[in-house]
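A.B. asks: Sharing run.txt (compact mmCIF, N, CA and C atoms) below.
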```txt
# COMPACT_ATOMS: atom_id res chain seq x y z
N MET A 1 4.81 7.22 30.41
CA MET A 1 5.57 6.74 29.28
C MET A 1 4.74 6.92 28.01
N GLY A 2 5.37 7.35 26.94
CA GLY A 2 4.65 7.61 25.69
C GLY A 2 4.39 6.33 24.91
N TYR A 3 3.64 6.48 23.88
CA TYR A 3 3.31 5.35 23.01
C TYR A 3 4.15 5.43 21.74
N GLY A 4 4.41 4.28 21.13
CA GLY A 4 5.16 4.24 19.89
C GLY A 4 4.30 4.71 18.72
N TYR A 5 4.94 5.09 17.66
CA TYR A 5 4.23 5.50 16.46
C TYR A 5 3.74 4.26 15.71
N SER A 6 2.64 4.39 14.99
CA SER A 6 2.09 3.26 14.24
C SER A 6 3.04 2.89 13.10
N LEU A 7 2.95 1.65 12.68
CA LEU A 7 3.78 1.17 11.58
C LEU A 7 3.49 1.97 10.31
N ASP A 8 2.22 2.28 10.08
CA ASP A 8 1.83 3.06 8.90
C ASP A 8 2.52 4.43 8.90
N LEU A 9 2.51 5.10 10.04
CA LEU A 9 3.15 6.42 10.13
C LEU A 9 4.65 6.30 9.93
N ARG A 10 5.26 5.32 10.54
CA ARG A 10 6.71 5.15 10.39
C ARG A 10 7.09 4.89 8.93
N GLU A 11 6.28 4.10 8.22
CA GLU A 11 6.56 3.84 6.82
C GLU A 11 6.39 5.09 5.97
N ARG A 12 5.37 5.90 6.27
CA ARG A 12 5.16 7.14 5.50
C ARG A 12 6.28 8.14 5.76
N VAL A 13 6.74 8.22 7.00
CA VAL A 13 7.85 9.13 7.33
C VAL A 13 9.12 8.68 6.60
N ALA A 14 9.40 7.38 6.63
CA ALA A 14 10.59 6.86 5.96
C ALA A 14 10.53 7.13 4.46
N ALA A 15 9.37 6.91 3.85
CA ALA A 15 9.22 7.15 2.41
C ALA A 15 9.42 8.63 2.08
N PHE A 16 8.93 9.50 2.95
CA PHE A 16 9.06 10.95 2.76
C PHE A 16 10.53 11.34 2.74
N VAL A 17 11.30 10.80 3.67
CA VAL A 17 12.73 11.13 3.75
C VAL A 17 13.47 10.50 2.56
N GLU A 18 13.13 9.28 2.23
CA GLU A 18 13.80 8.62 1.10
C GLU A 18 13.49 9.29 -0.23
N ALA A 19 12.39 10.05 -0.28
CA ALA A 19 12.03 10.79 -1.49
C ALA A 19 12.85 12.07 -1.64
N GLY A 20 13.71 12.35 -0.66
CA GLY A 20 14.61 13.48 -0.78
C GLY A 20 14.38 14.62 0.20
N HIS A 21 13.37 14.50 1.04
CA HIS A 21 13.11 15.54 2.04
C HIS A 21 14.03 15.34 3.24
N SER A 22 14.27 16.40 3.97
CA SER A 22 15.12 16.29 5.14
C SER A 22 14.37 15.63 6.29
N ARG A 23 15.14 15.12 7.24
CA ARG A 23 14.53 14.51 8.43
C ARG A 23 13.75 15.56 9.21
N ARG A 24 14.26 16.76 9.24
CA ARG A 24 13.57 17.84 9.96
C ARG A 24 12.23 18.17 9.29
N ALA A 25 12.23 18.23 7.95
CA ALA A 25 10.99 18.50 7.22
C ALA A 25 9.98 17.39 7.46
N ALA A 26 10.46 16.15 7.51
CA ALA A 26 9.56 15.02 7.77
C ALA A 26 8.95 15.13 9.16
N ALA A 27 9.74 15.50 10.13
CA ALA A 27 9.24 15.64 11.50
C ALA A 27 8.16 16.72 11.56
N LEU A 28 8.40 17.84 10.90
CA LEU A 28 7.41 18.92 10.90
C LEU A 28 6.15 18.53 10.13
N HIS A 29 6.33 17.86 9.00
CA HIS A 29 5.21 17.49 8.14
C HIS A 29 4.28 16.48 8.83
N PHE A 30 4.86 15.52 9.51
CA PHE A 30 4.06 14.45 10.11
C PHE A 30 3.78 14.67 11.60
N GLY A 31 4.34 15.72 12.18
CA GLY A 31 4.06 16.01 13.58
C GLY A 31 4.71 15.05 14.56
N VAL A 32 5.90 14.57 14.20
CA VAL A 32 6.65 13.69 15.10
C VAL A 32 7.89 14.43 15.56
N SER A 33 8.54 13.90 16.58
CA SER A 33 9.76 14.56 17.06
C SER A 33 10.90 14.27 16.11
N GLU A 34 11.88 15.15 16.10
CA GLU A 34 13.04 14.95 15.24
C GLU A 34 13.88 13.77 15.69
N SER A 35 13.68 13.32 16.91
CA SER A 35 14.41 12.16 17.41
C SER A 35 13.59 10.88 17.27
N CYS A 36 12.53 10.93 16.50
CA CYS A 36 11.66 9.76 16.25
C CYS A 36 12.51 8.59 15.76
N SER A 37 12.25 7.42 16.30
CA SER A 37 13.05 6.25 15.92
C SER A 37 12.97 5.96 14.43
N CYS A 38 11.84 6.27 13.79
CA CYS A 38 11.73 6.00 12.35
C CYS A 38 12.69 6.88 11.57
N LEU A 39 12.93 8.09 12.04
CA LEU A 39 13.89 8.98 11.37
C LEU A 39 15.31 8.49 11.61
N GLU A 40 15.57 7.97 12.80
CA GLU A 40 16.90 7.46 13.10
C GLU A 40 17.22 6.25 12.22
N LYS A 41 16.23 5.39 11.98
CA LYS A 41 16.45 4.21 11.15
C LYS A 41 16.70 4.59 9.70
N VAL A 42 16.02 5.61 9.21
CA VAL A 42 16.25 6.07 7.84
C VAL A 42 17.67 6.61 7.72
N ALA A 43 18.10 7.39 8.70
CA ALA A 43 19.44 7.96 8.68
C ALA A 43 20.49 6.84 8.73
N LEU A 44 20.25 5.84 9.57
CA LEU A 44 21.18 4.72 9.68
C LEU A 44 21.25 3.95 8.37
N ALA A 45 20.12 3.74 7.72
CA ALA A 45 20.10 3.02 6.46
C ALA A 45 20.92 3.75 5.40
N HIS A 46 20.88 5.08 5.39
CA HIS A 46 21.65 5.86 4.42
C HIS A 46 23.15 5.70 4.69
N VAL A 47 23.53 5.63 5.94
CA VAL A 47 24.94 5.47 6.28
C VAL A 47 25.41 4.07 5.90
N VAL A 48 24.62 3.07 6.21
CA VAL A 48 25.00 1.69 5.94
C VAL A 48 25.07 1.40 4.45
N TRP A 49 24.11 1.92 3.68
CA TRP A 49 24.03 1.60 2.26
C TRP A 49 24.78 2.59 1.36
N SER A 50 25.38 3.61 1.95
CA SER A 50 26.12 4.59 1.14
C SER A 50 27.50 4.08 0.78
```
Before anything else, please render the file you have as structure tokens.
C.D. replies:
Amino acid sequence: MGYGYSLDLRERVAAFVEAGHSRRAAALHFGVSESCSCLEKVALAHVVWS
């Protein structure tokens, strides 16, 4: 079983996406999977707050 990402990394990924970058670009930039839970939460927040 894998380990979760650190809170610091999740916050940096979320900020990167909220700054206008795509989720895919964030995954490549930070070396996380595109299905990373932090990316899913950012996407959900955009849907909820839109």
A.B. asks: Determine, counting only C-alpha atoms, which protein, DNA and RNA residues have an atom within 8 Å of an atom of segment 5-20 of chain A; residues of the same chain fewer than 5 positions away are not included. Present the result as a short mmCIF file (atom, residue, chain, number, x, y, z; two decimals) with N, CA and C atoms, in the coordinates of the input.
C.D. replies:
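For reference, result.cif as written:
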```
data_model
loop_
_atom_site.label_atom_id
_atom_site.label_comp_id
_atom_site.auth_asym_id
_atom_site.auth_seq_id
_atom_site.Cartn_x
_atom_site.Cartn_y
_atom_site.Cartn_z
N ALA A 26 10.46 16.15 7.51
CA ALA A 26 9.56 15.02 7.77
C ALA A 26 8.95 15.13 9.16
N ALA A 27 9.74 15.50 10.13
CA ALA A 27 9.24 15.64 11.50
C ALA A 27 8.16 16.72 11.56
N PHE A 30 4.86 15.52 9.51
CA PHE A 30 4.06 14.45 10.11
C PHE A 30 3.78 14.67 11.60
N CYS A 38 11.84 6.27 13.79
CA CYS A 38 11.73 6.00 12.35
C CYS A 38 12.69 6.88 11.57
N LEU A 39 12.93 8.09 12.04
CA LEU A 39 13.89 8.98 11.37
C LEU A 39 15.31 8.49 11.61
N VAL A 42 16.02 5.61 9.21
CA VAL A 42 16.25 6.07 7.84
C VAL A 42 17.67 6.61 7.72
#
```
A.B. asks: State, in Å with one decimal place, the distance from atom CA of Lys41 of chain A to atom C of His29 of chain A.
C.D. replies: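 Straight-line distance from atom CA of Lys41 of chain A to atom C of His29 of chain A works out to 17.4 Å.
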A.B. asks: Would you work out the distance separating atom CA of Ser22 of chain A from atom CA of Gly4 of chain A, expressed in Å to one decimal?
C.D. replies: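 Separation of atom CA of Ser22 of chain A and atom CA of Gly4 of chain A: 21.5 Å.
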A.B. asks: Just to confirm, what's the straight-line distance from atom N of Tyr3 of chain A to atom C of His21 of chain A in Å (one decimal)?
C.D. replies: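 Computed distance, atom N of Tyr3 of chain A to atom C of His21 of chain A, equals 24.7 Å.
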